[in-house]
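Trainee: One structure is given below, represented as structure tokens, and several questions about it will come after.
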Number of protein chains: 2
Amino acid sequence: MSRKIDEIDLKILKLLSENARYTYKELAEKLGTTRQRVSRRMDKLEKGGVVIKYTVIPDLNKLNYVHVILGLILRPTVDLDEVVKQLKSIEYVKIVEKTLGSHSLIVHLVGPNNMAFTEKMIRSIAKEIQGIDKMDITFVTEICKFEVI
Amino acid sequence: MSRKIDEIDLKILKLLSENARYTYKELAEKLGTTRQRVSRRMDKLEKGGVVIKYTVIPDLNKLNYVHVILGLILRPTVDLDEVVKQLKSIEYVKIVEKTLGSHSLIVHLVGPNNMAFTEKMIRSIAKEIQGIDKMDITFVTEICKFEVI
């Protein structure tokens with residue numbers, strides 16, 4: 001927040017988006033700088049909240065999981081923060097994003113790949129979350145491209 | 001593919017989903033095993049395509065980027081693989097997922113946070129990709145939860 005993001009920060013983030021497991025040494029070599037400098041910048045990016053997390057993107061199908069994306073349209077009177085709080089507390093709700101446009105919330109569900117459980121996850125959200133006007137339900141079958149920045 | 005995913009693989013992936021930068025040593029300590037065993041398993045998960053990538057999830061707003069999610073409905077006669085190929089080749093198209101349900105493709109766009117460029121990205125997809133019947137457009141304003149598995 002305090003400091004502006006510069007070109008070197010962006011280069012570090014771009015490299016980490018390609019492989020978050022690059023060591024400080026590898027990053028420093030690619031950028032022609034020192035490990036200390038890379039480490040200091042990454043610390044700042046992490047503490048400033050620019051880095052939300054370093055994570056793995058798995059092929060959920062190969063893990064025998066189902067990946068469902070819900071696009072929610074909420075009634076205008078609904079307390080969005082309350083809905084977000086409820087959704088966040090559900091174990092199989094993995095991603096919650098506030099959005100503007102066709103949907104007011106995007107919610108990702110991940111669970112065992114069987115239709116009975118999938119139906120249970122979706123129905124329980126439809127039942128427990130108050131104020132859902134419409135729910136678009138989309139099943140991810142294949143990740144064809146995955147980049148970040 | 002060859003080998004079935006077991007409980008230890010899942011534990012490794014779960015830990016990496018929380019922090020993809022854990023070293024082999026840290027992972028081994030958390031799992032009560034050796035670095036060699038962790039490294040061997042990760043190799044297999046990577047080579048078998050279970051790991052698509054290790055990446056960083058940044059707060060795109062703090063980077064002054066816009067993050068748009070398009071939910072595409074395509075005409076049934078469309079060649080899906082051709083559409084995917086076209087979309088993948090566009091630099092600002094970061095994620096392409098084949099889906100079933102409300103949408104037949106989910107596409108994520110990331111670009112400089114200004115409305116003129118955003119409009120250009122969206123219109124050029126609407127124009128260049130043949131066979132789009134409907135396009136839901138959603139702007140991500142805040143990531144409230146981000147987990148993977």
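To be explicit about the labels: the chains of the structure tokens are called A, B, and onward in the order shown, and within each one the residues are counted from 1, while ligands get numbers from 1 in the order they are shown.
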Using only C-alpha atoms, what table do you get, as CSV, when you list each residue of chain B with an atom no more than 7 Å from chain A, its nearest pair of atoms, and their distance in Å rounded to one decimal, rows by chain then rising number?
Mentor:
residue,atom,partner,partner_atom,distance
B:Ile5,CA,A:Leu63,CA,6.8
B:Leu16,CA,A:Val56,CA,5.8
B:Ser17,CA,A:Thr55,CA,4.4
B:Glu18,CA,A:Thr55,CA,6.0
B:Asn19,CA,A:Tyr54,CA,5.2
B:Ala20,CA,A:Thr55,CA,4.6
B:Arg21,CA,A:Arg21,CA,5.2
B:Val50,CA,A:Asp59,CA,5.1
B:Val51,CA,A:Pro58,CA,4.5
B:Ile52,CA,A:Pro58,CA,5.3
B:Lys53,CA,A:Ile57,CA,5.3
B:Tyr54,CA,A:Val56,CA,4.4
B:Thr55,CA,A:Ser17,CA,4.4
B:Val56,CA,A:Tyr54,CA,4.4
B:Ile57,CA,A:Lys53,CA,5.3
B:Pro58,CA,A:Val51,CA,4.5
B:Asp59,CA,A:Val50,CA,5.1
B:Lys62,CA,A:Val50,CA,6.1
B:Leu63,CA,A:Ile5,CA,6.8
B:Lys88,CA,A:Lys145,CA,6.4
B:Lys94,CA,A:Glu147,CA,4.8
B:Ile95,CA,A:Phe146,CA,4.6
B:Val96,CA,A:Lys145,CA,5.0
B:Glu97,CA,A:Ile143,CA,4.6
B:Lys98,CA,A:Glu142,CA,5.1
B:Thr99,CA,A:Val140,CA,4.4
B:Leu100,CA,A:Phe139,CA,5.0
B:Gly101,CA,A:Thr138,CA,4.6
B:Ser102,CA,A:Thr138,CA,5.3
B:His103,CA,A:Thr138,CA,6.0
B:Val110,CA,A:Ile149,CA,6.8
B:Asp136,CA,A:Ser102,CA,5.6
B:Ile137,CA,A:Ser102,CA,5.5
B:Thr138,CA,A:Gly101,CA,4.6
B:Phe139,CA,A:Leu100,CA,5.0
B:Val140,CA,A:Thr99,CA,4.4
B:Thr141,CA,A:Thr99,CA,5.2
B:Glu142,CA,A:Lys98,CA,5.1
B:Ile143,CA,A:Glu97,CA,4.6
B:Cys144,CA,A:Val96,CA,5.3
B:Lys145,CA,A:Val96,CA,5.0
B:Phe146,CA,A:Ile95,CA,4.6
B:Glu147,CA,A:Lys94,CA,4.8
B:Val148,CA,A:Lys94,CA,6.0
B:Ile149,CA,A:Val110,CA,6.8
Trainee: Okay, now the selection with N, CA and C atoms, as a short mmCIF file (atom, residue, chain, number, x, y, z; two decimals), in the first residue's frame?
Mentor:
data_model
loop_
_atom_site.label_atom_id
_atom_site.label_comp_id
_atom_site.auth_asym_id
_atom_site.auth_seq_id
_atom_site.Cartn_x
_atom_site.Cartn_y
_atom_site.Cartn_z
N ILE B 5 -3.59 -41.78 -6.93
CA ILE B 5 -3.30 -40.75 -5.92
C ILE B 5 -3.65 -41.33 -4.55
N LEU B 16 0.81 -27.71 -0.20
CA LEU B 16 1.27 -26.82 -1.27
C LEU B 16 0.18 -25.82 -1.68
N SER B 17 -1.08 -26.22 -1.51
CA SER B 17 -2.17 -25.29 -1.84
C SER B 17 -2.22 -24.16 -0.81
N GLU B 18 -1.76 -24.46 0.42
CA GLU B 18 -1.70 -23.41 1.45
C GLU B 18 -0.48 -22.52 1.25
N ASN B 19 0.61 -23.12 0.81
CA ASN B 19 1.82 -22.35 0.53
C ASN B 19 2.72 -23.13 -0.42
N ALA B 20 2.68 -22.75 -1.67
CA ALA B 20 3.43 -23.48 -2.71
C ALA B 20 4.93 -23.27 -2.56
N ARG B 21 5.34 -22.36 -1.66
CA ARG B 21 6.77 -22.11 -1.49
C ARG B 21 7.39 -22.92 -0.35
N VAL B 50 -0.85 -34.00 -12.57
CA VAL B 50 -1.75 -33.69 -11.46
C VAL B 50 -1.52 -32.24 -11.01
N VAL B 51 -0.25 -31.84 -11.02
CA VAL B 51 0.08 -30.43 -10.77
C VAL B 51 0.09 -29.70 -12.11
N ILE B 52 -0.85 -28.77 -12.29
CA ILE B 52 -0.84 -27.96 -13.51
C ILE B 52 0.23 -26.88 -13.38
N LYS B 53 0.26 -26.19 -12.26
CA LYS B 53 1.35 -25.25 -11.97
C LYS B 53 1.35 -24.80 -10.53
N TYR B 54 2.48 -24.28 -10.12
CA TYR B 54 2.60 -23.56 -8.85
C TYR B 54 2.56 -22.10 -9.22
N THR B 55 1.71 -21.34 -8.57
CA THR B 55 1.59 -19.95 -9.00
C THR B 55 1.33 -19.03 -7.81
N VAL B 56 1.33 -17.75 -8.10
CA VAL B 56 1.00 -16.75 -7.09
C VAL B 56 -0.40 -16.24 -7.40
N ILE B 57 -1.19 -16.02 -6.37
CA ILE B 57 -2.48 -15.36 -6.54
C ILE B 57 -2.29 -13.93 -6.04
N PRO B 58 -2.20 -12.96 -6.94
CA PRO B 58 -2.00 -11.58 -6.52
C PRO B 58 -3.34 -10.86 -6.37
N ASP B 59 -3.32 -9.77 -5.63
CA ASP B 59 -4.48 -8.88 -5.58
C ASP B 59 -4.38 -7.97 -6.80
N LYS B 62 -4.63 -4.19 -6.52
CA LYS B 62 -3.45 -3.48 -6.01
C LYS B 62 -2.39 -3.30 -7.09
N LEU B 63 -2.44 -4.16 -8.12
CA LEU B 63 -1.50 -4.02 -9.24
C LEU B 63 -2.07 -3.10 -10.32
N LYS B 88 -6.83 -19.09 -26.40
CA LYS B 88 -5.55 -19.31 -25.74
C LYS B 88 -4.45 -18.43 -26.31
N LYS B 94 -6.22 -15.01 -19.82
CA LYS B 94 -5.31 -15.70 -18.90
C LYS B 94 -5.80 -17.10 -18.54
N ILE B 95 -7.10 -17.27 -18.42
CA ILE B 95 -7.65 -18.58 -18.06
C ILE B 95 -8.71 -18.96 -19.08
N VAL B 96 -8.65 -20.20 -19.56
CA VAL B 96 -9.70 -20.75 -20.42
C VAL B 96 -10.08 -22.11 -19.85
N GLU B 97 -11.34 -22.25 -19.50
CA GLU B 97 -11.81 -23.52 -18.95
C GLU B 97 -13.01 -24.02 -19.76
N LYS B 98 -12.93 -25.29 -20.18
CA LYS B 98 -14.10 -25.91 -20.78
C LYS B 98 -15.06 -26.27 -19.66
N THR B 99 -16.33 -25.99 -19.89
CA THR B 99 -17.30 -26.23 -18.82
C THR B 99 -18.60 -26.83 -19.37
N LEU B 100 -19.37 -27.38 -18.46
CA LEU B 100 -20.71 -27.86 -18.78
C LEU B 100 -21.68 -27.14 -17.87
N GLY B 101 -22.88 -26.88 -18.35
CA GLY B 101 -23.89 -26.26 -17.50
C GLY B 101 -24.32 -24.92 -18.07
N SER B 102 -24.47 -23.92 -17.19
CA SER B 102 -24.94 -22.61 -17.63
C SER B 102 -24.06 -22.00 -18.73
N HIS B 103 -22.76 -22.28 -18.68
CA HIS B 103 -21.84 -21.76 -19.69
C HIS B 103 -21.04 -22.89 -20.30
N VAL B 110 -7.30 -10.37 -18.03
CA VAL B 110 -6.60 -9.48 -17.11
C VAL B 110 -5.90 -8.42 -17.94
N ASP B 136 -21.87 -13.67 -20.54
CA ASP B 136 -22.05 -13.03 -19.24
C ASP B 136 -20.74 -12.37 -18.85
N ILE B 137 -20.81 -11.13 -18.44
CA ILE B 137 -19.60 -10.36 -18.13
C ILE B 137 -19.60 -9.99 -16.65
N THR B 138 -18.55 -10.40 -15.96
CA THR B 138 -18.49 -10.19 -14.52
C THR B 138 -17.11 -9.63 -14.15
N PHE B 139 -17.10 -8.56 -13.38
CA PHE B 139 -15.84 -7.94 -12.94
C PHE B 139 -15.55 -8.35 -11.50
N VAL B 140 -14.37 -8.90 -11.26
CA VAL B 140 -14.00 -9.27 -9.89
C VAL B 140 -13.56 -8.02 -9.15
N THR B 141 -14.21 -7.73 -8.04
CA THR B 141 -13.83 -6.53 -7.28
C THR B 141 -13.08 -6.88 -5.99
N GLU B 142 -13.29 -8.10 -5.47
CA GLU B 142 -12.60 -8.47 -4.24
C GLU B 142 -12.56 -9.98 -4.09
N ILE B 143 -11.37 -10.52 -3.78
CA ILE B 143 -11.26 -11.95 -3.47
C ILE B 143 -11.45 -12.09 -1.96
N CYS B 144 -12.54 -12.75 -1.56
CA CYS B 144 -12.85 -12.88 -0.12
C CYS B 144 -12.32 -14.17 0.46
N LYS B 145 -12.20 -15.19 -0.35
CA LYS B 145 -11.62 -16.48 0.08
C LYS B 145 -10.96 -17.09 -1.13
N PHE B 146 -9.77 -17.67 -0.95
CA PHE B 146 -9.13 -18.36 -2.08
C PHE B 146 -8.41 -19.59 -1.56
N GLU B 147 -9.05 -20.72 -1.73
CA GLU B 147 -8.42 -22.01 -1.44
C GLU B 147 -8.52 -22.86 -2.70
N VAL B 148 -7.87 -23.98 -2.69
CA VAL B 148 -7.85 -24.79 -3.90
C VAL B 148 -8.45 -26.17 -3.64
N ILE B 149 -7.92 -26.85 -2.64
CA ILE B 149 -8.46 -28.16 -2.27
C ILE B 149 -8.61 -28.23 -0.75
#
Trainee: Just give me the gap between atom CA of A:Glu7 and atom CA of B:Glu119 in Å, one decimal is fine.
Mentor: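 If I compute the distance from atom CA of A:Glu7 to atom CA of B:Glu119, I get 24.9 Å.
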Trainee: When DSSP works through the backbone of this structure, what residues of stretch 37-146 of chain A end up as strand (DSSP E or B), shown as number ranges by chain?
Mentor: A: 51-58, 65-74, 93-101, 105-112, 132-146
Trainee: From the options B:Met115, B:Arg40, B:Asp79, B:Ile12, which residue's atoms come nearest to B:Glu26, counting only C-alpha atoms?
Mentor: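 Result for the nearest residue to B:Glu26: B:Ile12.
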Trainee: Considering only alpha helix (DSSP H) as DSSP defines it on the backbone, what residues of chain A qualify? List them as an NGL selection string.
Mentor: :A and (7-18 or 24-31 or 35-47 or 80-88 or 115-128)
Trainee: Could you please take those selected residues and save C-alpha atoms as a JSON list (two decimals), in the first residue's frame?
Mentor:
[["chain", "number", "residue", "atom", "x", "y", "z"],
["A", 7, "GLU", "CA", 8.51, -2.71, -12.85],
["A", 8, "ILE", "CA", 10.80, -4.98, -10.82],
["A", 9, "ASP", "CA", 7.93, -5.95, -8.48],
["A", 10, "LEU", "CA", 5.87, -6.83, -11.56],
["A", 11, "LYS", "CA", 8.73, -8.90, -13.00],
["A", 12, "ILE", "CA", 9.06, -10.82, -9.73],
["A", 13, "LEU", "CA", 5.31, -11.48, -9.63],
["A", 14, "LYS", "CA", 5.32, -12.55, -13.29],
["A", 15, "LEU", "CA", 8.11, -15.06, -12.60],
["A", 16, "LEU", "CA", 6.33, -16.35, -9.50],
["A", 17, "SER", "CA", 3.11, -16.67, -11.49],
["A", 18, "GLU", "CA", 4.97, -18.99, -13.87],
["A", 24, "TYR", "CA", 15.35, -16.48, -4.21],
["A", 25, "LYS", "CA", 18.56, -17.52, -5.96],
["A", 26, "GLU", "CA", 16.77, -18.47, -9.20],
["A", 27, "LEU", "CA", 14.69, -15.29, -9.14],
["A", 28, "ALA", "CA", 17.78, -13.17, -8.48],
["A", 29, "GLU", "CA", 19.64, -14.78, -11.39],
["A", 30, "LYS", "CA", 16.74, -14.25, -13.78],
["A", 31, "LEU", "CA", 16.49, -10.60, -12.75],
["A", 35, "ARG", "CA", 18.86, -12.77, -3.34],
["A", 36, "GLN", "CA", 18.63, -10.18, -0.58],
["A", 37, "ARG", "CA", 16.92, -7.68, -2.86],
["A", 38, "VAL", "CA", 14.45, -10.26, -4.17],
["A", 39, "SER", "CA", 13.69, -11.45, -0.65],
["A", 40, "ARG", "CA", 13.15, -7.88, 0.60],
["A", 41, "ARG", "CA", 10.76, -7.08, -2.25],
["A", 42, "MET", "CA", 8.80, -10.29, -1.80],
["A", 43, "ASP", "CA", 8.44, -9.55, 1.91],
["A", 44, "LYS", "CA", 6.94, -6.18, 1.06],
["A", 45, "LEU", "CA", 4.59, -7.65, -1.57],
["A", 46, "GLU", "CA", 3.44, -10.27, 0.94],
["A", 47, "LYS", "CA", 3.03, -7.86, 3.88],
["A", 80, "LEU", "CA", -23.55, -8.86, 0.79],
["A", 81, "ASP", "CA", -21.00, -9.03, 3.61],
["A", 82, "GLU", "CA", -23.25, -11.33, 5.62],
["A", 83, "VAL", "CA", -23.64, -13.65, 2.61],
["A", 84, "VAL", "CA", -19.87, -13.65, 2.06],
["A", 85, "LYS", "CA", -19.31, -14.50, 5.73],
["A", 86, "GLN", "CA", -21.72, -17.42, 5.56],
["A", 87, "LEU", "CA", -20.21, -18.76, 2.32],
["A", 88, "LYS", "CA", -16.63, -18.46, 3.58],
["A", 115, "MET", "CA", -23.39, -36.53, -8.37],
["A", 116, "ALA", "CA", -25.15, -37.12, -5.04],
["A", 117, "PHE", "CA", -22.57, -35.05, -3.15],
["A", 118, "THR", "CA", -22.48, -32.39, -5.87],
["A", 119, "GLU", "CA", -26.23, -32.02, -5.68],
["A", 120, "LYS", "CA", -26.05, -31.81, -1.89],
["A", 121, "MET", "CA", -23.43, -29.02, -2.02],
["A", 122, "ILE", "CA", -25.41, -26.94, -4.49],
["A", 123, "ARG", "CA", -28.81, -27.46, -2.86],
["A", 124, "SER", "CA", -27.49, -26.65, 0.59],
["A", 125, "ILE", "CA", -26.15, -23.31, -0.67],
["A", 126, "ALA", "CA", -29.42, -22.55, -2.46],
["A", 127, "LYS", "CA", -31.27, -23.33, 0.79],
["A", 128, "GLU", "CA", -29.00, -21.79, 3.42]]
